[in-house]
Amino acid sequence: MVRHHQPRKGSVAFSPRKRAAKETPRIKAWPSNEEPKLLGLAGYKAGMTHAMVVDTDKNSPSNGMTVFTPVTVLEVPPLVIMGIRSYEKTAHGLKAITEVIADNLDEELSRKITLPKDYDKSEAIAKIQDALEKTEEVRVLVHTNPKMASVPKKKPEIFECALGGSSAEEKLNYALNLLGEEVRASDIFNEGQYVDAIATTKGKGVQGVVKRWNIRIQYGKAMRSGKGRHVGSIGPWSPERTMWTVAQAGQMGYHKRTEFNKKVLKIGDVSEVDAVNPDGGFIRYGLVKNDYVLVKGSVPGPTKRLVILRQAIRPKKADEAAPQIEFISTASKQGV
């Protein structure tokens, strides 16, 4: 008897494939950076287009040539630093000590959280400064401004963002200067820099094993029963159970995913939106009206989804000069 072997169908690296807990991803790991600045940025995925960019990869056959490059446009309204949180190191990891909340919060935040009343910011600042000796980490709470973008929502997203700096005191002083202020994309990233794109992928609902795990559709005798789109055997007699690695139907998509080392090609401001807005606007999004970031390649998630760009945690060697973009397509996407 000839035995035919082949690799298993589908990766089990991301199991269990269940729906993400929330649409705004939580970032669990941050890179270290000596420069005092925010290490993350949030934007809304407007869509994709293409650009003609000079290839600067020395190992590429097209080095020095202008090449076709697919790009993703992210609309990035200014982030607002709404709070500061300090952490101490314990045997079970970082534990929050105290936090400071800004006193000029946007009224739209009441859609998301209960805004504090009669809040004494000076007392909170004094408390967080007194705990500086045992403070291991300082991070900021930021919220987005979706009402400024072309997404059909007003409720801001809130997430925690790490800071660069050589010490907790330096991070705290930097955060106190920014408390209640807006931070733009150009204050966080540079053109040509590598970032990690973190988002919740496009949800596809409950799918069968062929689409979910890419198993082979059965043929021959197995098709005579009319059941070709299923696993031939879900397990042996011994062990007398179904292994978790067996392909089965279930949730597909709407998972938190991180794509490493996406190159920032361009950071544009409000005056440059015509350079990326296609005729008729982006499909299911509209026109970009704020600052934007042009990222090489694709990023997770559908149109209008929040995408968090984190400073690359394992970066490639970036070019010193900004990428040379010779052309960005603004042709209408309506017929695509």
# chains A, B, ... in the order shown; residues from 1 in each chain; ligands from 1
$ select_by_dssp --residues "segment 54-233 of chain A" --states "alpha helix (DSSP H)" --output "JSON, numbers by chain"
{"A": [121, 122, 123, 124, 125, 126, 127, 128, 129, 130, 168, 169, 170, 171, 172, 173, 174, 175, 176, 177, 178, 209, 210, 211, 212, 213]}
$ residues_around --residues "Lys117 of chain A" --least-positions-apart "5" --cutoff "12 Å" --atoms "only C-alpha atoms" --output "list of chain:residue names"
A:Ile101, A:Ala102, A:Asp103, A:Asn104, A:Leu105, A:Ser110
$ residues_around --residues "segment 291-298 of chain A" --least-positions-apart "6" --cutoff "7 Å" --atoms "only C-alpha atoms" --output "PDB file with N, CA and C atoms, in the first residue's frame"
ATOM      1  N   PRO A  70       1.760  49.124  -4.360  1.00  0.00           N
ATOM      2  CA  PRO A  70       0.439  49.297  -3.741  1.00  0.00           C
ATOM      3  C   PRO A  70       0.581  49.979  -2.390  1.00  0.00           C
ATOM      4  N   VAL A  71      -0.306  50.912  -2.079  1.00  0.00           N
ATOM      5  CA  VAL A  71      -0.224  51.673  -0.832  1.00  0.00           C
ATOM      6  C   VAL A  71      -1.600  51.748  -0.181  1.00  0.00           C
ATOM      7  N   THR A  72      -1.607  51.876   1.138  1.00  0.00           N
ATOM      8  CA  THR A  72      -2.825  52.051   1.923  1.00  0.00           C
ATOM      9  C   THR A  72      -2.854  53.463   2.488  1.00  0.00           C
ATOM     10  N   VAL A  73      -4.010  54.112   2.392  1.00  0.00           N
ATOM     11  CA  VAL A  73      -4.187  55.463   2.915  1.00  0.00           C
ATOM     12  C   VAL A  73      -4.916  55.367   4.249  1.00  0.00           C
ATOM     13  N   LEU A  74      -4.309  55.900   5.293  1.00  0.00           N
ATOM     14  CA  LEU A  74      -4.916  55.950   6.623  1.00  0.00           C
ATOM     15  C   LEU A  74      -5.160  57.406   6.993  1.00  0.00           C
ATOM     16  N   GLU A  75      -6.400  57.732   7.327  1.00  0.00           N
ATOM     17  CA  GLU A  75      -6.704  59.086   7.796  1.00  0.00           C
ATOM     18  C   GLU A  75      -6.434  59.142   9.292  1.00  0.00           C
ATOM     19  N   VAL A  76      -5.597  60.084   9.707  1.00  0.00           N
ATOM     20  CA  VAL A  76      -5.145  60.132  11.101  1.00  0.00           C
ATOM     21  C   VAL A  76      -5.446  61.504  11.706  1.00  0.00           C
ATOM     22  N   PRO A  77      -6.670  61.736  12.171  1.00  0.00           N
ATOM     23  CA  PRO A  77      -6.940  62.982  12.909  1.00  0.00           C
ATOM     24  C   PRO A  77      -6.063  63.048  14.151  1.00  0.00           C
ATOM     25  N   LYS A 262       5.839  47.637   8.316  1.00  0.00           N
ATOM     26  CA  LYS A 262       5.190  48.311   7.192  1.00  0.00           C
ATOM     27  C   LYS A 262       5.863  49.679   7.039  1.00  0.00           C
ATOM     28  N   LYS A 263       6.272  50.006   5.850  1.00  0.00           N
ATOM     29  CA  LYS A 263       7.049  51.230   5.632  1.00  0.00           C
ATOM     30  C   LYS A 263       6.131  52.431   5.451  1.00  0.00           C
ATOM     31  N   VAL A 264       6.413  53.512   6.174  1.00  0.00           N
ATOM     32  CA  VAL A 264       5.682  54.767   6.029  1.00  0.00           C
ATOM     33  C   VAL A 264       6.280  55.523   4.845  1.00  0.00           C
ATOM     34  N   LEU A 265       5.502  55.665   3.784  1.00  0.00           N
ATOM     35  CA  LEU A 265       5.999  56.337   2.587  1.00  0.00           C
ATOM     36  C   LEU A 265       5.799  57.847   2.644  1.00  0.00           C
ATOM     37  N   LYS A 266       4.695  58.279   3.255  1.00  0.00           N
ATOM     38  CA  LYS A 266       4.400  59.717   3.267  1.00  0.00           C
ATOM     39  C   LYS A 266       3.508  60.043   4.442  1.00  0.00           C
ATOM     40  N   ILE A 267       3.760  61.196   5.053  1.00  0.00           N
ATOM     41  CA  ILE A 267       2.890  61.746   6.097  1.00  0.00           C
ATOM     42  C   ILE A 267       2.418  63.102   5.600  1.00  0.00           C
ATOM     43  N   GLY A 268       1.148  63.209   5.260  1.00  0.00           N
ATOM     44  CA  GLY A 268       0.604  64.434   4.686  1.00  0.00           C
ATOM     45  C   GLY A 268      -0.292  65.165   5.665  1.00  0.00           C
ATOM     46  N   ASP A 269      -0.402  66.470   5.500  1.00  0.00           N
ATOM     47  CA  ASP A 269      -1.277  67.257   6.356  1.00  0.00           C
ATOM     48  C   ASP A 269      -2.556  67.624   5.604  1.00  0.00           C
ATOM     49  N   VAL A 270      -3.373  68.459   6.238  1.00  0.00           N
ATOM     50  CA  VAL A 270      -4.689  68.790   5.691  1.00  0.00           C
ATOM     51  C   VAL A 270      -4.576  69.472   4.327  1.00  0.00           C
TER      52      VAL A 270
END
$ residues_around --residues "Met252 of chain A" --least-positions-apart "3" --cutoff "7 Å" --atoms "only C-alpha atoms" --output "list in words"
Arg17, Gly203, Lys204, Gly205, Val206, Gln207 and Arg212 of chain A
$ residues_around --residues "Ser167 of chain A" --least-positions-apart "6" --cutoff "10 Å" --atoms "only C-alpha atoms" --output "ChimeraX atom specification"
/A:34,36,135-138
$ residues_around --residues "Pro156 of chain A" --least-positions-apart "4" --cutoff "9 Å" --atoms "only C-alpha atoms" --output "list in words"
Glu108, Leu109, Arg111, Lys112, His143, Thr144, Asn145, Pro146 and Lys147 of chain A
$ atom_distance --atom1 "atom CA of Thr49 of chain A" --atom2 "atom CA of His255 of chain A"
24.4 Å
$ select_by_dssp --residues "segment 213-304 of chain A" --states "strand (DSSP E or B)" --output "PDB file with C-alpha atoms, in the first residue's frame"
ATOM      1  CA  GLY A 250     -16.409  27.894  12.850  1.00  0.00           C
ATOM      2  CA  GLN A 251     -15.644  31.612  13.086  1.00  0.00           C
ATOM      3  CA  LYS A 256      -6.666  40.734  16.132  1.00  0.00           C
ATOM      4  CA  ARG A 257      -3.616  40.620  13.892  1.00  0.00           C
ATOM      5  CA  THR A 258      -0.230  42.364  13.807  1.00  0.00           C
ATOM      6  CA  GLU A 259       1.707  42.930  10.588  1.00  0.00           C
ATOM      7  CA  PHE A 260       5.336  43.798  11.189  1.00  0.00           C
ATOM      8  CA  ASN A 261       7.534  46.323   9.393  1.00  0.00           C
ATOM      9  CA  LYS A 262       5.190  48.311   7.192  1.00  0.00           C
ATOM     10  CA  LYS A 263       7.049  51.230   5.632  1.00  0.00           C
ATOM     11  CA  VAL A 264       5.682  54.767   6.029  1.00  0.00           C
ATOM     12  CA  LEU A 265       5.999  56.337   2.587  1.00  0.00           C
ATOM     13  CA  LYS A 266       4.400  59.717   3.267  1.00  0.00           C
ATOM     14  CA  ILE A 267       2.890  61.746   6.097  1.00  0.00           C
ATOM     15  CA  GLY A 268       0.604  64.434   4.686  1.00  0.00           C
ATOM     16  CA  PHE A 282     -12.672  56.129  -1.607  1.00  0.00           C
ATOM     17  CA  GLY A 286     -15.455  59.101   1.106  1.00  0.00           C
ATOM     18  CA  TYR A 292      -3.020  61.076   6.472  1.00  0.00           C
ATOM     19  CA  VAL A 293      -0.342  58.402   6.423  1.00  0.00           C
ATOM     20  CA  LEU A 294       0.620  56.509   3.284  1.00  0.00           C
ATOM     21  CA  VAL A 295       1.757  52.967   4.175  1.00  0.00           C
ATOM     22  CA  LYS A 296       3.419  50.604   1.741  1.00  0.00           C
TER      23      LYS A 296
END
$ residues_around --residues "segment 25-30 of chain A" --least-positions-apart "4" --cutoff "10 Å" --atoms "only C-alpha atoms" --output "JSON, numbers by chain"
{"A": [20, 21, 39, 40, 159, 160, 161, 162, 163, 164, 198, 199, 200, 255, 256, 257, 258, 306, 307, 308, 310, 311, 312, 313]}
$ closest_residue --among "A:Val54, A:Ile283, A:Ala175, A:Ala46" --to "Gly335 of chain A" --atoms "only C-alpha atoms"
A:Ile283
$ closest_residue --among "A:Met52, A:Thr24, A:Asp57, A:Leu132" --to "Tyr254 of chain A" --atoms "only C-alpha atoms"
A:Thr24
$ atom_distance --atom1 "atom CA of Ile215 of chain A" --atom2 "atom CA of Arg8 of chain A"
8.6 Å
